[in-house]
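Enquirer: Shown below is the structure under consideration.
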There are 2 protein chains.
Amino acid sequence: MARPRKFSRTQLQTAALALVDRDGLAGLSMRTLAARLGTGPMTLYNHVGGRADLDLLVVEAVVGKADWSHAKQADWRREVRGIATEMWRVVRAHPQVIPLILTRRSRSPAVLGVAEALVAARARSGRSGRALLVAFRAVQALVMGFAQVELAGPLSTQAGESPTAVIRRVRSLPREQFPHLTQIAAAAARSRAEAEFRRGLDLLIAGLAVGARVSRSRRPARAAR
Amino acid sequence: MARPRKFSRTQLQTAALALVDRDGLAGLSMRTLAARLGTGPMTLYNHVGGRADLDLLVVEAVVGKADWSHAKQADWRREVRGIATEMWRVVRAHPQVIPLILTRRSRSPAVLGVAEALVAARARSGRSGRALLVAFRAVQALVMGFAQVELAGPLSTQAGESPTAVIRRVRSLPREQFPHLTQIAAAAARSRAEAEFRRGLDLLIAGLAVGARVSRSRRPARAAR
DNA sequence: ACCTGAACACCGTTCAAGT
DNA sequence: ACCTGAACACCGTTCAAGT
């Protein structure tokens with residue numbers, strides 16, 4: 001390290017995230033990032049491995065904002081809820097990045113840190129091994145799944161669509177074919193994303209508390225062909 | 001419709017899905033699909049709106065394979081479980097497509113159909129309106145979330161990585177910093193994805209059965225800044 | 001109405017050359 | 001060791017022209 005590198009990691013992250021927040025994922029490329037940093041595209045290869053690294057950089061910039069230090073609680077249910085809610089809050093703060101968070105593997109300390117906190121909280125209820133693993137996966141899945149469903153689910157708003165437009169669209173579906181979807185469309189238009197998430201999370205936490213005592217059939221819904 | 005179109009929708013779907021299954025998402029482009037169909041890129045614009053439509057075509061080809069006609073059960077719990085498992089099974093059958101399914105909005109009858117079936121099953125437990133909406137969202141989120149966590153979660157395998165390599169990697173993390181993660185690594189290496197999913201789903205269904213009776217704080221984990 | 005090739009404005013990355 | 005420009009092989013799409 002004779003010379004200091006031209007750009008720091010945080011410099012790259014800030015610039016990249018700013019591009020995505022402003023122009024969307026399509027607005028981030030080797031070339032646009034280089035331009036924003038006032039250099040040529042090839043210079044970036046001294047700092048990142050390639051295009052894929054750019055995505056990871058952005059993901060970690062977002063997840064790194066999670067702060068669960070204040071989530072510590074006597075009741076493990078409250079603590080799991082606090083950490084999960086913080087994860088979800090941070091993810092939603094940069095909606096344009098959600099597709100990247102959903103699909104890019106990251107091994108950054110930030111990502112591992114949230115995971116560890118979540119498992120630790122759940123472990124305090126006395127679970128370990130397999131039960132702990134499943135509980136961890138389920139909470140993680142629910143958090144990311146709610147982000148996904150809001151992003152691309154069947155009841156989600158299209159780009160630039162208003163919530164009232166959603167209800168109109170879903171209600172215009174053939175009622176005999178989708179009787180229940182049209183029925184909950186009204187509820188969907190009224191409800192707010194955060195409230196829905198918190199209630200959904202509470203459902204899962206209630207299940208965690210009782211354990212999986214529901215009768216369980218070992219066979220899939222239909223035979224695997 | 002003087003002349004029949006050169007390619008049918010299913011023809012396009014089959015060709016596109018075959019490309020993705022073989023070469024991954026990077027292998028699908030206007031140009032490669034055109035080449036596979038033995039024509040020039042511009043010809044495709046007579047059949048699809050543009051590149052984004054190609055992704056939707058592939059998503060719908062996969063989701064369209066879901067068949068929940070045999071999931072009908074007297075017990076609504078079993079029925080919800082059956083439909084959710086079928087969704088998850090279909091999604092996992094084409095792993096390369098998962099990022100698309102997670103991020104692309106689709107209004108196809110196939111996607112809406114599964115949603116309707118899920119809500120219908122849950123409605124049989126007597127819920128409606130908001131409670132029904134939340135239950136629907138939670139199940140949908142859990143299914144997609146499990147696919148996501150398997151694809152890109154902190155305990156998931158890298159491309160071409162063996163399950164035993166995962167345990168080695170996670171175990172090599174600093175134990176004082178990630179005590180619980182290193183602890184569940186062993187369980188993660190042993191367990192199979194389907195079993196994990198089914199157990200996670202059962203946790204949520206148990207929560208659905210009792211309803212959300214857990215005490216609920218209205219405030220987020222920390223004050224929104 | 002449907003088909004199609006040439007051309008344009010992008011993109012990531014290899015290669016070779018600079019200090 | 002780090003920086004960088006030219007060049008290459010892609011990409012989606014506009015435009016204009018065919019039938």
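How things are named: the first chain in the structure tokens is A, the next is B, and so on; residues count from 1 in each chain; ligands count from 1 in the order shown.
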Using only C-alpha atoms (C1' of nucleotides), what table do you get, as JSON lines, when you list each residue of chain C with an atom no more than 9 Å from chain B, its nearest pair of atoms, and their distance in Å rounded to one decimal, rows by chain then rising number?
Expert:
```
{"residue": "C:DA1", "atom": "C1'", "partner": "B:Ala2", "partner_atom": "CA", "distance": 7.1}
{"residue": "C:DC2", "atom": "C1'", "partner": "B:Asn46", "partner_atom": "CA", "distance": 7.2}
{"residue": "C:DC3", "atom": "C1'", "partner": "B:Thr43", "partner_atom": "CA", "distance": 6.3}
{"residue": "C:DT4", "atom": "C1'", "partner": "B:Met42", "partner_atom": "CA", "distance": 6.4}
{"residue": "C:DG5", "atom": "C1'", "partner": "B:Gly40", "partner_atom": "CA", "distance": 8.4}
```
Enquirer: Let's have chain B fitted on chain A; use all the C-alpha atoms paired in order for the least-squares step and return it as a short mmCIF file (atom, residue, chain, number, x, y, z; two decimals) with C-alpha atoms, in the first residue's frame.
Expert:
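Below is the file that was written, out-v2.cif:
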```
data_model
loop_
_atom_site.label_atom_id
_atom_site.label_comp_id
_atom_site.auth_asym_id
_atom_site.auth_seq_id
_atom_site.Cartn_x
_atom_site.Cartn_y
_atom_site.Cartn_z
CA MET B 1 -0.08 -0.05 0.18
CA ALA B 2 2.39 2.50 -1.01
CA ARG B 3 -0.31 4.89 -2.17
CA PRO B 4 -3.75 5.19 -0.59
CA ARG B 5 -6.51 3.92 -2.88
CA LYS B 6 -8.26 6.52 -4.89
CA PHE B 7 -11.70 5.75 -3.41
CA SER B 8 -12.75 4.35 -0.06
CA ARG B 9 -15.30 1.58 0.25
CA THR B 10 -17.82 3.93 1.88
CA GLN B 11 -17.28 6.42 -0.92
CA LEU B 12 -18.20 3.77 -3.45
CA GLN B 13 -21.20 2.64 -1.40
CA THR B 14 -22.55 6.14 -0.93
CA ALA B 15 -22.21 7.00 -4.60
CA ALA B 16 -23.74 3.71 -5.76
CA LEU B 17 -26.68 3.89 -3.34
CA ALA B 18 -27.34 7.50 -4.34
CA LEU B 19 -27.51 6.44 -7.99
CA VAL B 20 -29.96 3.62 -7.23
CA ASP B 21 -32.12 5.76 -4.97
CA ARG B 22 -32.38 8.40 -7.69
CA ASP B 23 -32.48 6.44 -10.95
CA GLY B 24 -33.44 2.93 -9.88
CA LEU B 25 -31.41 -0.21 -10.42
CA ALA B 26 -31.09 0.51 -14.13
CA GLY B 27 -29.26 3.69 -13.21
CA LEU B 28 -26.34 1.81 -11.67
CA SER B 29 -23.61 0.55 -13.95
CA MET B 30 -19.85 0.46 -13.96
CA ARG B 31 -19.91 3.40 -16.29
CA THR B 32 -22.44 5.59 -14.50
CA LEU B 33 -20.77 5.00 -11.16
CA ALA B 34 -17.39 5.82 -12.62
CA ALA B 35 -18.80 8.98 -14.17
CA ARG B 36 -20.34 10.04 -10.85
CA LEU B 37 -16.98 9.57 -9.20
CA GLY B 38 -15.32 11.56 -11.95
CA THR B 39 -13.21 8.77 -13.38
CA GLY B 40 -13.17 6.16 -16.14
CA PRO B 41 -14.92 2.78 -15.92
CA MET B 42 -11.73 0.78 -15.69
CA THR B 43 -10.59 2.57 -12.56
CA LEU B 44 -13.37 0.87 -10.62
CA TYR B 45 -11.78 -2.50 -11.19
CA ASN B 46 -9.10 -1.48 -8.75
CA HIS B 47 -11.75 -1.35 -6.04
CA VAL B 48 -14.36 -3.97 -6.90
CA GLY B 49 -14.22 -7.36 -8.57
CA GLY B 50 -16.79 -6.52 -11.21
CA ARG B 51 -20.41 -5.66 -11.79
CA ALA B 52 -21.74 -8.26 -9.32
CA ASP B 53 -19.71 -6.65 -6.55
CA LEU B 54 -21.51 -3.38 -7.15
CA ASP B 55 -24.80 -5.00 -6.23
CA LEU B 56 -23.36 -6.44 -3.04
CA LEU B 57 -21.94 -3.05 -2.15
CA VAL B 58 -25.40 -1.52 -2.37
CA VAL B 59 -27.06 -4.36 -0.42
CA GLU B 60 -24.55 -4.00 2.37
CA ALA B 61 -24.93 -0.23 2.42
CA VAL B 62 -28.63 -0.71 3.12
CA VAL B 63 -28.50 -3.64 5.53
CA GLY B 64 -25.63 -1.96 7.35
CA LYS B 65 -28.07 0.69 8.51
CA ALA B 66 -29.92 -1.78 10.70
CA ASP B 67 -29.47 -0.98 14.37
CA TRP B 68 -30.98 -3.50 16.77
CA SER B 69 -28.97 -2.36 19.78
CA HIS B 70 -32.15 -0.98 21.36
CA ALA B 71 -34.21 -4.11 20.71
CA LYS B 72 -32.95 -5.95 23.80
CA GLN B 73 -35.96 -6.99 25.88
CA ALA B 74 -36.70 -9.25 28.82
CA ASP B 75 -39.36 -11.09 26.81
CA TRP B 76 -37.84 -13.02 23.89
CA ARG B 77 -41.04 -12.50 21.88
CA ARG B 78 -40.66 -8.74 22.07
CA GLU B 79 -37.00 -8.98 21.23
CA VAL B 80 -37.56 -11.15 18.14
CA ARG B 81 -40.29 -8.75 17.11
CA GLY B 82 -38.03 -5.75 17.59
CA ILE B 83 -35.16 -7.14 15.54
CA ALA B 84 -37.42 -8.41 12.77
CA THR B 85 -39.19 -5.07 12.57
CA GLU B 86 -35.89 -3.23 12.35
CA MET B 87 -34.80 -5.49 9.49
CA TRP B 88 -38.02 -4.86 7.67
CA ARG B 89 -37.85 -1.11 8.31
CA VAL B 90 -34.34 -0.84 6.91
CA VAL B 91 -35.19 -2.88 3.84
CA ARG B 92 -38.22 -0.76 3.08
CA ALA B 93 -36.33 2.50 3.47
CA HIS B 94 -34.74 1.94 0.06
CA PRO B 95 -37.47 0.33 -2.03
CA GLN B 96 -35.42 0.35 -5.22
CA VAL B 97 -32.84 -1.89 -3.57
CA ILE B 98 -35.32 -4.57 -2.47
CA PRO B 99 -34.88 -6.77 -5.57
CA LEU B 100 -31.15 -6.82 -4.88
CA ILE B 101 -31.60 -7.67 -1.21
CA LEU B 102 -33.96 -10.49 -2.16
CA THR B 103 -31.64 -12.07 -4.68
CA ARG B 104 -28.01 -11.25 -3.79
CA ARG B 105 -26.04 -13.38 -1.40
CA SER B 106 -24.08 -11.33 1.03
CA ARG B 107 -21.65 -12.53 3.69
CA SER B 108 -21.04 -9.08 5.09
CA PRO B 109 -20.76 -8.64 8.87
CA ALA B 110 -23.92 -6.50 8.71
CA VAL B 111 -26.06 -9.33 7.30
CA LEU B 112 -24.53 -11.93 9.60
CA GLY B 113 -24.94 -9.60 12.54
CA VAL B 114 -28.71 -9.31 12.21
CA ALA B 115 -28.96 -13.06 11.77
CA GLU B 116 -26.95 -13.69 14.92
CA ALA B 117 -29.07 -11.27 16.95
CA LEU B 118 -32.24 -12.97 15.77
CA VAL B 119 -31.05 -16.46 16.62
CA ALA B 120 -29.74 -15.28 19.96
CA ALA B 121 -33.10 -13.80 20.93
CA ARG B 122 -34.93 -16.95 19.93
CA ALA B 123 -32.40 -19.15 21.74
CA ARG B 124 -33.43 -17.49 25.00
CA SER B 125 -36.73 -19.36 24.83
CA GLY B 126 -34.74 -22.54 25.33
CA ARG B 127 -34.67 -23.87 21.78
CA SER B 128 -31.55 -25.23 20.15
CA GLY B 129 -30.38 -27.19 17.15
CA ARG B 130 -33.04 -27.98 14.63
CA ALA B 131 -35.92 -26.15 16.33
CA LEU B 132 -33.77 -23.04 16.59
CA LEU B 133 -32.78 -23.29 12.95
CA VAL B 134 -36.35 -23.61 11.76
CA ALA B 135 -37.50 -20.69 13.91
CA PHE B 136 -34.70 -18.55 12.56
CA ARG B 137 -35.49 -19.47 8.97
CA ALA B 138 -39.19 -18.83 9.44
CA VAL B 139 -38.75 -15.35 10.90
CA GLN B 140 -36.16 -14.43 8.28
CA ALA B 141 -38.47 -15.77 5.58
CA LEU B 142 -41.47 -13.86 6.85
CA VAL B 143 -39.58 -10.57 6.95
CA MET B 144 -38.16 -10.92 3.47
CA GLY B 145 -41.40 -12.40 2.22
CA PHE B 146 -43.41 -9.40 3.35
CA ALA B 147 -40.99 -7.14 1.51
CA GLN B 148 -41.38 -9.35 -1.55
CA VAL B 149 -45.15 -9.51 -1.42
CA GLU B 150 -45.35 -5.75 -1.11
CA LEU B 151 -42.96 -5.41 -4.05
CA ALA B 152 -44.45 -7.94 -6.43
CA GLY B 153 -47.41 -9.70 -4.84
CA PRO B 154 -50.81 -10.07 -6.53
CA LEU B 155 -52.36 -7.33 -4.38
CA SER B 156 -49.47 -4.87 -4.62
CA THR B 157 -49.50 -1.54 -6.40
CA GLN B 158 -47.94 -1.22 -9.82
CA ALA B 159 -45.30 1.43 -10.40
CA GLY B 160 -46.98 4.79 -9.85
CA GLU B 161 -50.34 3.21 -9.02
CA SER B 162 -52.40 4.58 -6.16
CA PRO B 163 -53.84 2.28 -3.46
CA THR B 164 -57.36 3.08 -4.63
CA ALA B 165 -56.37 2.04 -8.14
CA VAL B 166 -55.41 -1.37 -6.76
CA ILE B 167 -58.82 -1.96 -5.27
CA ARG B 168 -60.42 -0.91 -8.55
CA ARG B 169 -58.22 -3.26 -10.50
CA VAL B 170 -58.73 -6.27 -8.23
CA ARG B 171 -62.46 -5.59 -7.98
CA SER B 172 -62.74 -5.60 -11.76
CA LEU B 173 -61.60 -9.24 -11.82
CA PRO B 174 -64.32 -11.76 -12.69
CA ARG B 175 -66.05 -12.24 -9.33
CA GLU B 176 -67.13 -15.82 -9.92
CA GLN B 177 -63.52 -16.80 -10.61
CA PHE B 178 -61.91 -14.83 -7.76
CA PRO B 179 -64.64 -14.40 -5.15
CA HIS B 180 -62.33 -14.14 -2.14
CA LEU B 181 -59.68 -11.97 -3.75
CA THR B 182 -62.26 -9.38 -4.71
CA GLN B 183 -63.59 -9.59 -1.18
CA ILE B 184 -60.31 -8.76 0.55
CA ALA B 185 -59.45 -6.05 -1.97
CA ALA B 186 -61.27 -3.49 0.15
CA ALA B 187 -59.30 -4.45 3.24
CA ALA B 188 -56.08 -4.23 1.22
CA ALA B 189 -56.83 -0.70 0.10
CA ARG B 190 -57.48 0.45 3.65
CA SER B 191 -54.59 -1.20 5.46
CA ARG B 192 -51.07 0.14 5.83
CA ALA B 193 -48.01 -1.96 5.08
CA GLU B 194 -46.41 -1.62 8.49
CA ALA B 195 -49.56 -2.64 10.35
CA GLU B 196 -49.95 -5.67 8.08
CA PHE B 197 -46.37 -6.71 8.63
CA ARG B 198 -46.61 -6.39 12.40
CA ARG B 199 -49.79 -8.44 12.53
CA GLY B 200 -48.34 -11.10 10.24
CA LEU B 201 -45.22 -11.29 12.36
CA ASP B 202 -47.36 -11.65 15.49
CA LEU B 203 -49.11 -14.63 13.91
CA LEU B 204 -45.78 -16.35 13.43
CA ILE B 205 -44.53 -15.44 16.88
CA ALA B 206 -47.71 -16.89 18.36
CA GLY B 207 -46.87 -20.09 16.48
CA LEU B 208 -43.31 -20.03 17.78
CA ALA B 209 -44.64 -19.73 21.33
CA VAL B 210 -46.88 -22.78 21.14
CA GLY B 211 -44.43 -24.79 19.04
CA ALA B 212 -45.51 -26.83 16.07
CA ARG B 213 -48.20 -28.97 17.65
CA VAL B 214 -50.52 -28.99 14.66
CA SER B 215 -51.01 -32.42 13.19
CA ARG B 216 -48.62 -32.84 10.33
CA SER B 217 -48.92 -35.06 7.31
CA ARG B 218 -45.57 -36.18 5.94
CA ARG B 219 -46.67 -36.33 2.34
CA PRO B 220 -46.59 -33.33 -0.03
CA ALA B 221 -49.91 -32.00 -1.34
CA ARG B 222 -49.65 -34.35 -4.24
CA ALA B 223 -47.17 -37.07 -5.08
CA ALA B 224 -43.92 -35.75 -6.56
CA ARG B 225 -43.96 -36.90 -10.14
#
```
Enquirer: Show me, as a PyMOL selection string, the residues that have an atom within 12 Å of DT14 (chain D) when counting only C-alpha atoms (C1' of nucleotides), minus same-chain residues fewer than 3 positions from it.
Expert: (chain B and resi 42) or (chain C and resi 6-9)
Enquirer: Hey, what does DSSP flag as helix (DSSP H, G or I) within region 4-122 of chain B? Can you give it to me as a PyMOL selection string?
Expert: chain B and resi 9-23+25-27+30-36+41-46+51-63+76-93+95-103+109-122
